file data_19.pdb (PDB, C-alpha atoms and all ligand atoms)
ATOM      1  CA  MET J   3       9.108  -7.004 -23.406
ATOM      2  CA  ARG J   4       6.521  -4.274 -22.774
ATOM      3  CA  SER J   5       7.765  -0.973 -21.550
ATOM      4  CA  PRO J   6       5.976  -0.076 -18.309
ATOM      5  CA  LYS J   7       4.462   3.304 -17.533
ATOM      6  CA  LYS J   8       7.254   5.147 -15.825
ATOM      7  CA  ALA J   9       6.447   8.382 -14.047
ATOM      8  CA  GLN J  10       8.653  11.089 -15.496
ATOM      9  CA  SER J  11      11.547  12.405 -13.431
ATOM     10  CA  THR J  12      11.691   9.163 -11.495
ATOM     11  CA  GLN J  13      15.367   8.690 -10.825
ATOM     12  CA  THR J  14      15.565   5.816  -8.367
ATOM     13  CA  ASN J  15      15.525   2.100  -9.196
ATOM     14  CA  PRO J  16      12.188   0.375  -9.575
ATOM     15  CA  VAL J  17      11.306  -1.934  -6.702
ATOM     16  CA  LEU J  18       8.170  -3.289  -8.360
ATOM     17  CA  ASN J  19       7.271  -3.346 -11.990
ATOM     18  CA  ALA J  20       3.772  -4.198 -13.234
ATOM     19  CA  GLN J  21       3.447  -5.274 -16.832
ATOM     20  CA  GLY J  22       0.120  -5.844 -18.537
ATOM     21  CA  VAL J  23      -1.681  -6.485 -15.247
ATOM     22  CA  LYS J  24      -5.402  -7.217 -15.591
ATOM     23  CA  VAL J  25      -7.675  -8.439 -12.828
ATOM     24  CA  TYR J  26     -10.877 -10.418 -13.214
ATOM     25  CA  TYR J  27     -13.473 -11.386 -10.627
ATOM     26  CA  GLY J  28     -15.013 -14.416 -12.302
ATOM     27  CA  ASP J  29     -15.804 -13.231 -15.853
ATOM     28  CA  PHE J  30     -15.815  -9.567 -14.879
ATOM     29  CA  LEU J  31     -12.752  -7.611 -15.974
ATOM     30  CA  ALA J  32     -12.433  -5.253 -13.004
ATOM     31  CA  LEU J  33      -9.154  -3.640 -14.044
ATOM     32  CA  GLN J  34      -7.843  -3.131 -17.549
ATOM     33  CA  GLU J  35      -4.238  -3.731 -18.415
ATOM     34  CA  VAL J  36      -1.958  -1.619 -16.207
ATOM     35  CA  ASP J  37       1.767  -1.046 -16.673
ATOM     36  CA  MET J  38       3.543   0.735 -13.857
ATOM     37  CA  GLU J  39       7.052   1.028 -12.518
ATOM     38  CA  ILE J  40       7.254   1.732  -8.774
ATOM     39  CA  PRO J  41      10.485   3.476  -7.758
ATOM     40  CA  GLU J  42      12.041   2.641  -4.417
ATOM     41  CA  ARG J  43      11.806   4.858  -1.332
ATOM     42  CA  LYS J  44       8.931   6.968  -2.542
ATOM     43  CA  ILE J  45       5.326   7.351  -1.461
ATOM     44  CA  ILE J  46       2.909   6.453  -4.218
ATOM     45  CA  ALA J  47      -0.772   7.387  -3.911
ATOM     46  CA  PHE J  48      -3.577   5.739  -5.838
ATOM     47  CA  ILE J  49      -6.592   7.995  -6.244
ATOM     48  CA  GLY J  50      -9.848   7.806  -8.185
ATOM     49  CA  PRO J  51     -13.571   7.251  -7.642
ATOM     50  CA  SER J  52     -14.920   4.202  -5.817
ATOM     51  CA  GLY J  53     -14.883   0.982  -7.766
ATOM     52  CA  CYS J  54     -12.139   1.936 -10.234
ATOM     53  CA  GLY J  55      -9.809  -0.841  -9.108
ATOM     54  CA  LYS J  56      -7.359   0.912  -6.775
ATOM     55  CA  SER J  57      -7.565  -1.678  -3.988
ATOM     56  CA  THR J  58      -7.694  -4.489  -6.523
ATOM     57  CA  PHE J  59      -4.463  -3.262  -8.108
ATOM     58  CA  LEU J  60      -2.821  -2.650  -4.714
ATOM     59  CA  ARG J  61      -3.477  -6.255  -3.727
ATOM     60  CA  CYS J  62      -1.692  -7.458  -6.869
ATOM     61  CA  PHE J  63       1.661  -6.332  -5.457
ATOM     62  CA  ASN J  64       1.718  -8.994  -2.759
ATOM     63  CA  ARG J  65      -0.671 -11.554  -4.215
ATOM     64  CA  MET J  66      -3.416 -10.752  -1.728
ATOM     65  CA  ASN J  67      -5.941 -11.272  -4.535
ATOM     66  CA  ASP J  68      -5.018 -14.976  -4.337
ATOM     67  CA  LEU J  69      -7.066 -15.027  -1.132
ATOM     68  CA  ILE J  70     -10.232 -13.735  -2.834
ATOM     69  CA  PRO J  71     -12.370 -16.503  -4.372
ATOM     70  CA  GLY J  72     -12.852 -15.922  -8.105
ATOM     71  CA  ALA J  73     -10.127 -13.271  -8.420
ATOM     72  CA  ARG J  74      -7.637 -13.834 -11.233
ATOM     73  CA  VAL J  75      -4.603 -11.738 -12.093
ATOM     74  CA  GLU J  76      -3.050 -11.734 -15.559
ATOM     75  CA  GLY J  77       0.254 -10.155 -16.531
ATOM     76  CA  GLN J  78       3.448  -9.861 -14.544
ATOM     77  CA  ILE J  79       4.622  -8.121 -11.421
ATOM     78  CA  ASN J  80       8.366  -8.179 -11.072
ATOM     79  CA  TYR J  81       9.909  -7.796  -7.663
ATOM     80  CA  GLN J  82      13.675  -7.966  -7.397
ATOM     81  CA  GLY J  83      13.798  -9.117 -11.004
ATOM     82  CA  LYS J  84      11.363 -12.035 -10.544
ATOM     83  CA  ASN J  85       7.742 -12.336 -11.565
ATOM     84  CA  ILE J  86       5.849 -12.856  -8.293
ATOM     85  CA  TYR J  87       3.093 -14.655 -10.237
ATOM     86  CA  ASP J  88       5.512 -17.330 -11.345
ATOM     87  CA  GLY J  89       4.291 -20.708 -10.073
ATOM     88  CA  LYS J  90       7.531 -21.291  -8.151
ATOM     89  CA  ILE J  91       7.164 -18.190  -5.987
ATOM     90  CA  ASN J  92       5.818 -18.629  -2.468
ATOM     91  CA  PRO J  93       3.216 -15.870  -1.897
ATOM     92  CA  VAL J  94       3.738 -16.013   1.871
ATOM     93  CA  LYS J  95       7.364 -14.952   1.366
ATOM     94  CA  ILE J  96       6.306 -12.144  -0.939
ATOM     95  CA  ARG J  97       3.889 -10.847   1.718
ATOM     96  CA  ARG J  98       6.767 -10.625   4.176
ATOM     97  CA  GLN J  99       8.701  -8.377   1.810
ATOM     98  CA  VAL J 100       5.672  -6.496   0.579
ATOM     99  CA  GLY J 101       3.674  -5.933   3.761
ATOM    100  CA  MET J 102       0.155  -4.631   4.097
ATOM    101  CA  VAL J 103      -1.701  -2.209   6.363
ATOM    102  CA  PHE J 104      -5.491  -2.217   6.129
ATOM    103  CA  GLN J 105      -8.205   0.402   6.327
ATOM    104  CA  ARG J 106      -9.366  -0.597   9.798
ATOM    105  CA  PRO J 107      -6.584  -1.170  12.288
ATOM    106  CA  ASN J 108      -6.582  -4.904  12.992
ATOM    107  CA  PRO J 109      -4.197  -5.674  15.852
ATOM    108  CA  PHE J 110      -4.165  -9.263  17.104
ATOM    109  CA  PRO J 111      -6.067  -9.781  20.398
ATOM    110  CA  LYS J 112      -2.712 -10.142  22.138
ATOM    111  CA  SER J 113      -0.341  -7.900  24.045
ATOM    112  CA  ILE J 114       1.356  -4.965  22.324
ATOM    113  CA  TYR J 115       4.653  -6.862  22.588
ATOM    114  CA  GLU J 116       3.175 -10.016  21.064
ATOM    115  CA  ASN J 117       1.576  -8.080  18.231
ATOM    116  CA  ILE J 118       5.094  -7.285  17.056
ATOM    117  CA  ALA J 119       6.897 -10.477  18.127
ATOM    118  CA  PHE J 120       4.367 -12.961  16.753
ATOM    119  CA  GLY J 121       5.245 -12.702  13.041
ATOM    120  CA  PRO J 122       9.048 -12.739  13.361
ATOM    121  CA  ARG J 123       8.862 -15.637  15.855
ATOM    122  CA  ALA J 124       6.607 -17.627  13.524
ATOM    123  CA  ASN J 125       9.224 -17.018  10.830
ATOM    124  CA  GLY J 126      12.033 -18.339  13.009
ATOM    125  CA  TYR J 127      13.612 -14.985  13.943
ATOM    126  CA  LYS J 128      16.760 -15.780  15.938
ATOM    127  CA  GLY J 129      17.848 -12.284  16.974
ATOM    128  CA  ASN J 130      17.055 -10.337  20.132
ATOM    129  CA  MET J 131      13.252 -10.119  20.134
ATOM    130  CA  ALA J 132      12.986  -7.349  22.747
ATOM    131  CA  GLU J 133      15.264  -5.198  20.613
ATOM    132  CA  LEU J 134      13.272  -5.918  17.476
ATOM    133  CA  VAL J 135      10.030  -5.011  19.271
ATOM    134  CA  GLU J 136      11.504  -1.742  20.541
ATOM    135  CA  GLN J 137      13.050  -0.850  17.195
ATOM    136  CA  SER J 138       9.808  -1.528  15.317
ATOM    137  CA  LEU J 139       7.731   0.503  17.762
ATOM    138  CA  ARG J 140      10.254   3.349  17.619
ATOM    139  CA  ARG J 141      10.181   3.368  13.817
ATOM    140  CA  ALA J 142       6.401   3.501  13.957
ATOM    141  CA  ALA J 143       6.638   6.486  16.342
ATOM    142  CA  LEU J 144       4.750   4.579  19.031
ATOM    143  CA  TRP J 145       7.451   3.536  21.498
ATOM    144  CA  ASP J 146       7.170   6.496  23.855
ATOM    145  CA  GLU J 147       3.412   6.005  24.154
ATOM    146  CA  VAL J 148       3.508   2.264  24.874
ATOM    147  CA  LYS J 149       6.889   1.415  26.400
ATOM    148  CA  ASP J 150       5.412   1.150  29.900
ATOM    149  CA  LYS J 151       2.491  -1.045  28.893
ATOM    150  CA  LEU J 152       3.883  -3.603  26.483
ATOM    151  CA  LYS J 153       1.901  -6.358  28.212
ATOM    152  CA  GLU J 154      -1.422  -4.636  27.704
ATOM    153  CA  LYS J 155      -3.695  -5.637  24.852
ATOM    154  CA  GLY J 156      -3.036  -4.000  21.477
ATOM    155  CA  THR J 157      -6.784  -3.742  20.984
ATOM    156  CA  ALA J 158      -7.030  -1.438  24.037
ATOM    157  CA  LEU J 159      -5.061   1.324  22.290
ATOM    158  CA  SER J 160      -6.748   4.247  20.520
ATOM    159  CA  GLY J 161      -7.563   3.842  16.810
ATOM    160  CA  GLY J 162      -4.576   5.925  15.718
ATOM    161  CA  GLN J 163      -2.240   4.019  18.046
ATOM    162  CA  GLN J 164      -3.624   0.712  16.782
ATOM    163  CA  GLN J 165      -2.890   1.745  13.199
ATOM    164  CA  ARG J 166       0.694   2.656  14.147
ATOM    165  CA  LEU J 167       0.924  -0.702  15.953
ATOM    166  CA  CYS J 168      -0.123  -2.405  12.718
ATOM    167  CA  ILE J 169       2.544  -0.428  10.859
ATOM    168  CA  ALA J 170       5.105  -1.478  13.525
ATOM    169  CA  ARG J 171       3.971  -5.092  13.099
ATOM    170  CA  ALA J 172       4.516  -4.855   9.341
ATOM    171  CA  ILE J 173       7.925  -3.201   9.810
ATOM    172  CA  ALA J 174       9.076  -5.960  12.201
ATOM    173  CA  MET J 175       9.030  -8.338   9.234
ATOM    174  CA  LYS J 176      11.665  -6.127   7.585
ATOM    175  CA  PRO J 177       9.760  -5.509   4.381
ATOM    176  CA  ASP J 178      10.874  -3.440   1.393
ATOM    177  CA  VAL J 179       7.427  -2.176   0.544
ATOM    178  CA  LEU J 180       4.329  -1.315   2.571
ATOM    179  CA  LEU J 181       0.948  -1.414   0.877
ATOM    180  CA  MET J 182      -1.648   0.714   2.630
ATOM    181  CA  ASP J 183      -5.328   0.554   1.785
ATOM    182  CA  GLU J 184      -6.860   3.804   3.015
ATOM    183  CA  PRO J 185      -4.871   3.612   6.252
ATOM    184  CA  CYS J 186      -6.332   6.821   7.669
ATOM    185  CA  SER J 187      -9.964   6.586   6.655
ATOM    186  CA  ALA J 188     -11.016   5.270  10.083
ATOM    187  CA  LEU J 189      -8.840   7.763  12.004
ATOM    188  CA  ASP J 190      -9.446  11.208  13.481
ATOM    189  CA  PRO J 191      -7.526  14.202  12.048
ATOM    190  CA  ILE J 192      -4.761  14.147  14.674
ATOM    191  CA  SER J 193      -4.106  10.428  14.241
ATOM    192  CA  THR J 194      -4.205  10.950  10.476
ATOM    193  CA  GLN J 195      -1.548  13.618  10.775
ATOM    194  CA  GLN J 196       0.600  11.306  12.929
ATOM    195  CA  VAL J 197       0.332   8.479  10.394
ATOM    196  CA  GLU J 198       1.188  10.879   7.563
ATOM    197  CA  GLU J 199       4.260  12.145   9.450
ATOM    198  CA  LEU J 200       5.254   8.559  10.065
ATOM    199  CA  CYS J 201       4.964   7.750   6.356
ATOM    200  CA  ARG J 202       7.253  10.672   5.516
ATOM    201  CA  GLU J 203       9.858   9.337   7.947
ATOM    202  CA  LEU J 204       9.520   5.733   6.807
ATOM    203  CA  LYS J 205      10.103   6.773   3.214
ATOM    204  CA  GLU J 206      13.843   6.876   3.936
ATOM    205  CA  GLN J 207      13.761   3.098   4.196
ATOM    206  CA  TYR J 208      10.626   1.801   2.560
ATOM    207  CA  THR J 209       8.504   2.249  -0.498
ATOM    208  CA  MET J 210       4.882   2.926   0.363
ATOM    209  CA  ILE J 211       1.915   2.518  -1.935
ATOM    210  CA  MET J 212      -1.257   4.004  -0.506
ATOM    211  CA  VAL J 213      -4.853   4.005  -1.680
ATOM    212  CA  THR J 214      -6.533   7.152  -0.482
ATOM    213  CA  HIS J 215      -9.835   8.929  -1.033
ATOM    214  CA  ASN J 216      -8.409  12.039   0.517
ATOM    215  CA  MET J 217      -7.073  14.324  -2.212
ATOM    216  CA  GLN J 218      -5.315  16.595   0.278
ATOM    217  CA  GLN J 219      -3.569  13.590   1.744
ATOM    218  CA  ALA J 220      -2.373  12.426  -1.666
ATOM    219  CA  SER J 221      -1.077  15.882  -2.534
ATOM    220  CA  ARG J 222       0.524  16.370   0.918
ATOM    221  CA  ILE J 223       2.471  13.188   1.221
ATOM    222  CA  SER J 224       2.928  11.364  -2.058
ATOM    223  CA  ASP J 225       5.754  11.736  -4.543
ATOM    224  CA  LEU J 226       3.898  10.026  -7.348
ATOM    225  CA  THR J 227       0.206   9.590  -7.980
ATOM    226  CA  GLY J 228      -1.683   7.018 -10.009
ATOM    227  CA  PHE J 229      -5.082   8.360 -11.054
ATOM    228  CA  PHE J 230      -7.594   5.591 -11.794
ATOM    229  CA  ASN J 231     -11.061   5.909 -13.262
ATOM    230  CA  THR J 232     -13.814   3.703 -14.640
ATOM    231  CA  GLU J 233     -15.047   3.376 -18.186
ATOM    232  CA  THR J 234     -18.040   1.572 -19.572
ATOM    233  CA  ASP J 235     -17.483  -1.282 -22.017
ATOM    234  CA  ALA J 236     -19.699  -2.203 -24.987
ATOM    235  CA  SER J 237     -21.956  -4.346 -22.791
ATOM    236  CA  GLY J 238     -22.475  -1.513 -20.326
ATOM    237  CA  LYS J 239     -20.134  -2.881 -17.641
ATOM    238  CA  ARG J 240     -17.879  -0.480 -15.795
ATOM    239  CA  ARG J 241     -14.282  -1.435 -15.439
ATOM    240  CA  GLY J 242     -11.301   0.304 -13.918
ATOM    241  CA  LYS J 243      -8.304   1.729 -15.743
ATOM    242  CA  LEU J 244      -5.192   3.682 -14.910
ATOM    243  CA  VAL J 245      -5.530   7.133 -16.478
ATOM    244  CA  LYS J 246      -2.239   8.667 -15.472
ATOM    245  CA  PHE J 247       0.792   7.937 -13.323
ATOM    246  CA  SER J 248       2.931  11.003 -12.710
ATOM    247  CA  PRO J 249       4.781  13.047 -10.135
ATOM    248  CA  THR J 250       2.079  14.227  -7.741
ATOM    249  CA  GLU J 251       2.542  17.940  -8.457
ATOM    250  CA  GLU J 252       1.762  17.285 -12.122
ATOM    251  CA  ILE J 253      -1.528  15.620 -11.229
ATOM    252  CA  PHE J 254      -2.703  18.347  -8.887
ATOM    253  CA  ASN J 255      -1.138  21.608 -10.104
ATOM    254  CA  PRO J 256      -3.226  22.016 -12.137
ATOM    255  CA  PRO J 257      -4.857  18.715 -13.104
ATOM    256  CA  ARG J 258      -4.199  18.371 -16.846
ATOM    257  CA  THR J 259      -6.826  15.956 -18.064
ATOM    258  CA  GLN J 260     -10.538  16.781 -17.980
ATOM    259  CA  GLU J 261     -11.102  13.537 -16.060
ATOM    260  CA  ALA J 262      -8.583  14.424 -13.366
ATOM    261  CA  LYS J 263      -9.901  17.998 -13.186
ATOM    262  CA  ALA J 264     -13.468  16.761 -12.655
ATOM    263  CA  TYR J 265     -12.452  14.212 -10.021
ATOM    264  CA  ILE J 266     -10.092  16.437  -8.083
ATOM    265  CA  SER J 267     -12.597  19.279  -8.019
ATOM    266  CA  GLY J 268     -15.154  16.878  -6.527
ATOM    267  CA  LYS J 269     -17.503  16.551  -9.523
ATOM    268  CA  PHE J 270     -17.626  12.776  -9.066
ATOM    269  CA  GLY J 271     -16.158  10.237  -6.776
TER     270      GLY J 271
HETATM  271  P1  LIG J 301     -11.640   0.816  -5.471
HETATM  272  O1  LIG J 301     -10.583   0.365  -4.549
HETATM  273  O2  LIG J 301     -11.137   1.771  -6.528
HETATM  274  O3  LIG J 301     -12.852   1.373  -4.782
HETATM  275  P2  LIG J 301     -12.041  -2.005  -5.971
HETATM  276  O4  LIG J 301     -10.698  -2.474  -6.344
HETATM  277  O5  LIG J 301     -12.518  -2.274  -4.590
HETATM  278  O6  LIG J 301     -12.157  -0.440  -6.315
HETATM  279  O7  LIG J 301     -13.120  -2.629  -6.964
HETATM  280  C1  LIG J 301     -12.952  -2.627  -8.382
HETATM  281  C2  LIG J 301     -14.116  -3.365  -9.015
HETATM  282  O8  LIG J 301     -14.031  -4.757  -8.674
HETATM  283  C3  LIG J 301     -15.492  -2.907  -8.548
HETATM  284  O9  LIG J 301     -16.394  -3.012  -9.629
HETATM  285  C4  LIG J 301     -15.847  -3.909  -7.452
HETATM  286  O10 LIG J 301     -17.247  -4.079  -7.335
HETATM  287  C5  LIG J 301     -15.183  -5.186  -7.987
HETATM  288  N1  LIG J 301     -14.774  -6.067  -6.877
HETATM  289  C6  LIG J 301     -13.915  -5.754  -5.876
HETATM  290  N2  LIG J 301     -13.746  -6.806  -5.032
HETATM  291  C7  LIG J 301     -14.517  -7.815  -5.530
HETATM  292  C8  LIG J 301     -14.785  -9.151  -5.132
HETATM  293  N3  LIG J 301     -14.217  -9.682  -4.039
HETATM  294  N4  LIG J 301     -15.628  -9.888  -5.882
HETATM  295  C9  LIG J 301     -16.219  -9.370  -6.994
HETATM  296  N5  LIG J 301     -16.007  -8.105  -7.436
HETATM  297  C10 LIG J 301     -15.175  -7.334  -6.714
END
call {"tool": "encode", "arguments": {"input": "data_19.pdb", "output": "structure tokens"}}
result
Amino acid sequence: MRSPKKAQSTQTNPVLNAQGVKVYYGDFLALQEVDMEIPERKIIAFIGPSGCGKSTFLRCFNRMNDLIPGARVEGQINYQGKNIYDGKINPVKIRRQVGMVFQRPNPFPKSIYENIAFGPRANGYKGNMAELVEQSLRRAALWDEVKDKLKEKGTALSGGQQQRLCIARAIAMKPDVLLMDEPCSALDPISTQQVEELCRELKEQYTMIMVTHNMQQASRISDLTGFFNTETDASGKRRGKLVKFSPTEEIFNPPRTQEAKAYISGKFG
């Protein structure tokens, strides 16, 4: 068995473990072999210039790449001791446990209440739905703002509120892990701050893996950082690779590799 890249001083159990993960789009190798152990109840940031495979790798953790025509993942991702790429695994179940929040808030065109209740109901949730809705909205720090208008459309909320609604919707499925693909890039600074505060609170219960282009955000909120970059192969094609996966303070204070130094200081990106 390969030994995955483990960020030093990581003491908690791994929740996800990537071994020899490569991703192709057709014949194009977009991401070179990555090994990475994701500890539970931490915030992990993926940083690096555009096109280096951060989103591609993020999508591997809940088999979202299955939905992209031509995408092919090689290697293993173990979740709770099982390889999620094993043919017997149902990807829909994996996506319940490893939820996803996207760059642009994408609430359903339904009421705030239904945005939360829809998924659990579709999955046969038998408990008290009103309680689940309230609990999810409270955990997403949105309850006080929406409790008097649960019947109004989710799409009528502000951008920041919509993103917290999407986080509440993901939480209602009782996941272990939340994948976030630049969750704040479409938000104003105040909403960004609210989502960051929320992430810090949610860390007590969930593992969060976040792609971000915002260096300050990565250094403010993440425990561990994966720094990705591109390199050019013999035929002149650029493909992504993981350069370093370490506790965040080691990446930023001061950046140790020339590559990280150049990226973090804004020389490319
Ligand atoms: P990042 O998130 O770091 O900006 P991506 O994961 O989006 O990078 O992209 C990595 C590489 O894969 C890039 O070269 C990009 O053009 C390519 N790529 C991403 N999505 C697709 C797709 N659906 N089809 C073909 N190539 C893709």
call {"tool": "resolve_selection", "arguments": {"input": "data_19.pdb", "expression": "the PyMOL selection byres (((not hetatm)) within 9 of (chain J and resi 301))", "output": "PyMOL selection string"}}
result
chain J and resi 25-28+30-33+48-61+67+70-73+183+213-215+230-232+239-242
call {"tool": "closest_residue", "arguments": {"input": "data_19.pdb", "among": "J:Gly228, J:Pro111, J:Gly83, J:Pro93", "to": "J:Asn19", "atoms": "all atoms listed in the file"}}
result
J:Gly83
call {"tool": "resolve_selection", "arguments": {"input": "data_19.pdb", "expression": "the PyMOL selection byres (((chain J and resi 205) around 12) and not hetatm)", "output": "number ranges by chain"}}
result
J: 41-46, 141-142, 178-180, 198-204, 206-211, 223-225
call {"tool": "write_last_selection", "arguments": {"input": "data_19.pdb", "atoms": "C-alpha atoms", "output": "compact mmCIF listing (two decimals), in the coordinates of the input"}}
result
# COMPACT_ATOMS: atom_id res chain seq x y z
CA PRO J 41 10.48 3.48 -7.76
CA GLU J 42 12.04 2.64 -4.42
CA ARG J 43 11.81 4.86 -1.33
CA LYS J 44 8.93 6.97 -2.54
CA ILE J 45 5.33 7.35 -1.46
CA ILE J 46 2.91 6.45 -4.22
CA ARG J 141 10.18 3.37 13.82
CA ALA J 142 6.40 3.50 13.96
CA ASP J 178 10.87 -3.44 1.39
CA VAL J 179 7.43 -2.18 0.54
CA LEU J 180 4.33 -1.32 2.57
CA GLU J 198 1.19 10.88 7.56
CA GLU J 199 4.26 12.14 9.45
CA LEU J 200 5.25 8.56 10.06
CA CYS J 201 4.96 7.75 6.36
CA ARG J 202 7.25 10.67 5.52
CA GLU J 203 9.86 9.34 7.95
CA LEU J 204 9.52 5.73 6.81
CA GLU J 206 13.84 6.88 3.94
CA GLN J 207 13.76 3.10 4.20
CA TYR J 208 10.63 1.80 2.56
CA THR J 209 8.50 2.25 -0.50
CA MET J 210 4.88 2.93 0.36
CA ILE J 211 1.92 2.52 -1.94
CA ILE J 223 2.47 13.19 1.22
CA SER J 224 2.93 11.36 -2.06
CA ASP J 225 5.75 11.74 -4.54
call {"tool": "closest_residue", "arguments": {"input": "data_19.pdb", "among": "J:Arg74, J:Lys176, J:Lys84, J:Lys112", "to": "J:Cys62", "atoms": "all atoms listed in the file"}}
result
J:Arg74
call {"tool": "residues_near_point", "arguments": {"input": "data_19.pdb", "point": "(11.5, -3.4, 20.4)", "cutoff": "12 Å", "atoms": "all atoms listed in the file", "output": "ChimeraX atom specification"}}
result
/J:114-119,122,129-146,148-149,152,167,170-171,173-174
call {"tool": "atom_distance", "arguments": {"input": "data_19.pdb", "atom1": "atom CA of J:Gln164", "atom2": "atom CA of J:Met212"}}
result
17.8 Å
call {"tool": "atom_distance", "arguments": {"input": "data_19.pdb", "atom1": "atom CA of J:Phe120", "atom2": "atom CA of J:Val197"}}
result
22.7 Å
call {"tool": "residues_around", "arguments": {"input": "data_19.pdb", "residues": "J:Asp190", "least_positions_apart": "5", "cutoff": "12 Å", "atoms": "only C-alpha atoms", "output": "ChimeraX atom specification"}}
result
/J:160-163,165,185,195-197
call {"tool": "atom_distance", "arguments": {"input": "data_19.pdb", "atom1": "atom CA of J:Ile253", "atom2": "atom CA of J:Thr227"}}
result
7.1 Å
call {"tool": "resolve_selection", "arguments": {"input": "data_19.pdb", "expression": "the PyMOL selection byres (((chain J and resi 80) around 9) and not hetatm)", "output": "JSON, numbers by chain"}}
result
{"J": [17, 18, 19, 20, 21, 63, 78, 79, 81, 82, 83, 84, 85, 86, 87]}
call {"tool": "write_last_selection", "arguments": {"input": "data_19.pdb", "atoms": "C-alpha atoms", "output": "PDB file, keeping the file's coordinate frame"}}
result
ATOM      1  CA  VAL J  17      11.306  -1.934  -6.702  1.00  0.00           C
ATOM      2  CA  LEU J  18       8.170  -3.289  -8.360  1.00  0.00           C
ATOM      3  CA  ASN J  19       7.271  -3.346 -11.990  1.00  0.00           C
ATOM      4  CA  ALA J  20       3.772  -4.198 -13.234  1.00  0.00           C
ATOM      5  CA  GLN J  21       3.447  -5.274 -16.832  1.00  0.00           C
ATOM      6  CA  PHE J  63       1.661  -6.332  -5.457  1.00  0.00           C
ATOM      7  CA  GLN J  78       3.448  -9.861 -14.544  1.00  0.00           C
ATOM      8  CA  ILE J  79       4.622  -8.121 -11.421  1.00  0.00           C
ATOM      9  CA  TYR J  81       9.909  -7.796  -7.663  1.00  0.00           C
ATOM     10  CA  GLN J  82      13.675  -7.966  -7.397  1.00  0.00           C
ATOM     11  CA  GLY J  83      13.798  -9.117 -11.004  1.00  0.00           C
ATOM     12  CA  LYS J  84      11.363 -12.035 -10.544  1.00  0.00           C
ATOM     13  CA  ASN J  85       7.742 -12.336 -11.565  1.00  0.00           C
ATOM     14  CA  ILE J  86       5.849 -12.856  -8.293  1.00  0.00           C
ATOM     15  CA  TYR J  87       3.093 -14.655 -10.237  1.00  0.00           C
TER      16      TYR J  87
END
call {"tool": "closest_residue", "arguments": {"input": "data_19.pdb", "among": "J:Asp68, J:Leu159, J:Met175, J:Glu154", "to": "J:Asn108", "atoms": "all atoms listed in the file"}}
result
J:Leu159
